[in-house]
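Worksheet: the structure to be examined is printed underneath.
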Amino acid sequence: MLYIDNPYTDAWFNLAAEEYLLKNFSDDIFMLWQNEPSVIIGKHQNVWDEINHNYIEEKHIKVVRRYSGGGAVYHDSGNLNVTFIQNSKELASATFTARLIAFLATFGIRAEADERQALTIDGLKISGSAQSIHKGRLLHHATLLFSTDLYHLATALKSTRRRPEINEVKPAPFYVKSVKSPVTNICTYTRKAVSIGEFRDALLNYFTENRTAPRPYSFTENDLNAIRSLRDNKYATPAWTFNIRT
């Protein structure tokens with residue numbers, strides 16, 4: 001298994017990195033990463049039903065459409081993201097959710113999975129997840145709200161349904177609407193005070209120890225060039241993110 005402690009925080013880059021790893025590697029992969037403030041929407045969503053356009057522009061928050069389905073989520077430096085990639089032809093959300101529940105238990109946190117495999121504490125959401133399969137390779141990724149700014153989260157994800165006036169928007173005959181849930185931060189439930197750095201280290205150790213030949217992996221120059229190309233030509237474009245013709 002390869003594990004990547006990803007230092008990059010550009011959301012367009014990191015979503016491109018996931019697709020690149022999914023389509024170009026054969027090893028099992030675990031990646032841990034964070035983003036600067038951004039809204040990540042599902043592949044089959046209508047952006048304008050998910051974001052507060054004025055707030056997004058005012059706060060310079062990136063909007064990124066991911067490769068997988070599901071609903072919209074907010075990322076910032078108080079949120080941790082985990083990505084699992086392995087050989088599989090079947091979706092298996094419950095398997096990965098159970099592993100995250102077991103990890104949180106090491107901090108004295110009793111988390112539960114709801115019907116959509118989101119994680120909750122006392123009924124409040126702390127994690128959402130999504131999956132995608134490409135040619136026998138499964139990608140599962142999940143958020144972990146550790147110390148996220150919950151005001152920014154709620155405001156950025158409050159749709160104003162404002163569409164651009166000068167660009168042509170493609171019709172969306174079918175799209176997935178997010179299911180809104182009350183949220184909370186993990187840091188308020190740990191047995192003792194824990195920094196996000198300590199929590200990140202524990203998360204990385206938990207998912208790499210006792211695994212078959214875990215090997216640290218850093219992006220090579222060739223990897224970076226390919227990811228940046230995918231970022232610039234797909235994930236950072238209005239055509240992909242907003243379904244806008246330019």
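Going through the structure tokens in order, the chains are called A, B, and so on, while each chain numbers its residues from 1 and the ligands are numbered from 1 in the order shown.
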Step one, run DSSP on the backbone; step two, keep only residues of stretch 6-240 of chain A assigned to alpha helix (DSSP H); then write them as a ChimeraX atom specification. /A:11-24,53-58,93-105,150-156,196-208,221-230,238-240
Counting only C-alpha atoms, which residues of stretch 176-231 of chain A fall within 8 Å of stretch 64-85 of chain A, and what is the closest atom pair for each with its distance in Å at one decimal, ordered by chain and rising number, as a tab-separated table?
```
residue	atom	partner	partner_atom	distance
A:Val176	CA	A:Gly71	CA	7.1
A:Lys177	CA	A:Gly71	CA	6.6
A:Ser178	CA	A:Gly71	CA	4.4
A:Val179	CA	A:Gly71	CA	7.0
A:Ile196	CA	A:Gly78	CA	7.1
A:Arg200	CA	A:Leu80	CA	7.5
```
Selection export as a CSV table (one decimal), in the first residue's frame, atoms kept: all heavy atoms:
```
chain,number,residue,atom,x,y,z
A,176,VAL,N,-28.3,16.0,-8.7
A,176,VAL,CA,-28.4,15.5,-7.3
A,176,VAL,C,-28.4,16.7,-6.4
A,176,VAL,O,-27.5,17.5,-6.4
A,176,VAL,CB,-27.3,14.6,-7.0
A,176,VAL,CG1,-27.4,14.2,-5.5
A,176,VAL,CG2,-27.4,13.3,-7.8
A,177,LYS,N,-29.4,16.8,-5.6
A,177,LYS,CA,-29.5,17.9,-4.6
A,177,LYS,C,-28.9,17.5,-3.3
A,177,LYS,O,-29.2,16.4,-2.8
A,177,LYS,CB,-31.0,18.3,-4.4
A,177,LYS,CG,-31.2,19.6,-3.5
A,177,LYS,CD,-30.8,20.8,-4.4
A,177,LYS,CE,-31.1,22.1,-3.6
A,177,LYS,NZ,-30.3,22.3,-2.4
A,178,SER,N,-28.1,18.3,-2.6
A,178,SER,CA,-27.6,18.0,-1.3
A,178,SER,C,-28.6,17.9,-0.3
A,178,SER,O,-29.7,18.6,-0.3
A,178,SER,CB,-26.6,19.1,-0.9
A,178,SER,OG,-25.4,19.1,-1.7
A,179,VAL,N,-28.4,17.0,0.7
A,179,VAL,CA,-29.3,16.9,1.8
A,179,VAL,C,-28.6,17.6,3.0
A,179,VAL,O,-27.5,17.2,3.5
A,179,VAL,CB,-29.5,15.4,2.2
A,179,VAL,CG1,-30.4,15.3,3.5
A,179,VAL,CG2,-30.1,14.6,1.0
A,196,ILE,N,-5.1,20.0,15.6
A,196,ILE,CA,-5.4,19.3,14.3
A,196,ILE,C,-4.1,18.6,13.8
A,196,ILE,O,-4.2,17.6,13.1
A,196,ILE,CB,-6.0,20.3,13.3
A,196,ILE,CG1,-6.5,19.6,12.1
A,196,ILE,CG2,-4.9,21.4,12.9
A,196,ILE,CD1,-7.4,20.4,11.2
A,200,ARG,N,-4.1,14.8,12.8
A,200,ARG,CA,-3.7,14.4,11.5
A,200,ARG,C,-2.6,13.3,11.6
A,200,ARG,O,-2.7,12.3,10.8
A,200,ARG,CB,-3.2,15.6,10.7
A,200,ARG,CG,-2.7,15.2,9.3
A,200,ARG,CD,-2.3,16.4,8.5
A,200,ARG,NE,-1.7,16.0,7.2
A,200,ARG,CZ,-2.0,16.6,6.0
A,200,ARG,NH1,-2.8,17.7,6.0
A,200,ARG,NH2,-1.4,16.2,4.9
```
Name the residues of stretch 22-243 of chain A that fall into strand (DSSP E or B) according to DSSP on the backbone, using the chain letters and numbers of this document, as an MDAnalysis selection string. chainID A and resid 29:33 38:41 62:65 73:75 79:87 112:113 119:121 124:127 129:134 137:145 168:169 183 215:216
Keeping only C-alpha atoms, write the selected residues as a JSON list (two decimals), in the first residue's frame.
```
[["chain", "number", "residue", "atom", "x", "y", "z"],
["A", 29, "ILE", "CA", -3.44, 4.03, -1.92],
["A", 30, "PHE", "CA", -4.24, 6.03, 1.19],
["A", 31, "MET", "CA", -3.96, 9.82, 0.90],
["A", 32, "LEU", "CA", -4.42, 12.41, 3.63],
["A", 33, "TRP", "CA", -4.91, 16.03, 2.58],
["A", 38, "SER", "CA", -13.41, 25.75, -0.96],
["A", 39, "VAL", "CA", -16.76, 24.22, -1.79],
["A", 40, "ILE", "CA", -16.59, 20.77, -3.34],
["A", 41, "ILE", "CA", -19.68, 19.72, -5.27],
["A", 62, "LYS", "CA", -12.88, 28.11, -4.73],
["A", 63, "VAL", "CA", -15.67, 25.98, -6.18],
["A", 64, "VAL", "CA", -14.61, 22.55, -7.42],
["A", 65, "ARG", "CA", -16.62, 19.77, -9.05],
["A", 73, "VAL", "CA", -19.26, 19.98, 1.22],
["A", 74, "TYR", "CA", -17.15, 22.82, 2.57],
["A", 75, "HIS", "CA", -13.40, 22.46, 3.14],
["A", 79, "ASN", "CA", -11.15, 19.88, 7.83],
["A", 80, "LEU", "CA", -9.20, 16.72, 7.01],
["A", 81, "ASN", "CA", -9.78, 14.65, 3.89],
["A", 82, "VAL", "CA", -8.98, 10.98, 3.46],
["A", 83, "THR", "CA", -8.85, 9.11, 0.16],
["A", 84, "PHE", "CA", -8.75, 5.34, -0.26],
["A", 85, "ILE", "CA", -8.09, 3.80, -3.68],
["A", 86, "GLN", "CA", -8.02, 0.04, -4.26],
["A", 87, "ASN", "CA", -8.86, -2.66, -6.76],
["A", 112, "GLU", "CA", -22.37, 6.49, 14.17],
["A", 113, "ALA", "CA", -23.16, 6.09, 10.46],
["A", 119, "LEU", "CA", -20.75, 10.02, 10.30],
["A", 120, "THR", "CA", -22.51, 11.73, 13.18],
["A", 121, "ILE", "CA", -21.92, 12.45, 16.86],
["A", 124, "LEU", "CA", -24.65, 16.04, 14.30],
["A", 125, "LYS", "CA", -22.70, 15.41, 11.12],
["A", 126, "ILE", "CA", -18.89, 15.31, 11.23],
["A", 127, "SER", "CA", -18.12, 13.46, 8.00],
["A", 129, "SER", "CA", -18.24, 10.52, 1.92],
["A", 130, "ALA", "CA", -18.56, 9.57, -1.75],
["A", 131, "GLN", "CA", -17.29, 6.83, -4.05],
["A", 132, "SER", "CA", -16.48, 6.23, -7.68],
["A", 133, "ILE", "CA", -15.33, 3.23, -9.73],
["A", 134, "HIS", "CA", -13.13, 3.41, -12.82],
["A", 137, "ARG", "CA", -10.51, 0.66, -9.33],
["A", 138, "LEU", "CA", -12.53, 2.06, -6.40],
["A", 139, "LEU", "CA", -12.07, 5.54, -5.00],
["A", 140, "HIS", "CA", -13.61, 6.37, -1.62],
["A", 141, "HIS", "CA", -13.07, 9.75, -0.02],
["A", 142, "ALA", "CA", -14.41, 11.33, 3.15],
["A", 143, "THR", "CA", -14.25, 14.58, 5.08],
["A", 144, "LEU", "CA", -13.58, 14.91, 8.80],
["A", 145, "LEU", "CA", -14.72, 18.20, 10.37],
["A", 168, "GLU", "CA", -24.30, 30.33, -21.48],
["A", 169, "VAL", "CA", -25.19, 27.61, -18.99],
["A", 183, "VAL", "CA", -22.92, 19.75, 11.75],
["A", 215, "ARG", "CA", 5.24, 2.62, 1.69],
["A", 216, "PRO", "CA", 5.35, 6.42, 1.84]]
```
Out of A:Tyr175, A:Asn222, A:Phe146, A:Asp49, which residue has the shortest atom-to-atom distance to A:Glu198 when counting only C-alpha atoms?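 Among the listed residues, A:Phe146 lies closest to A:Glu198.
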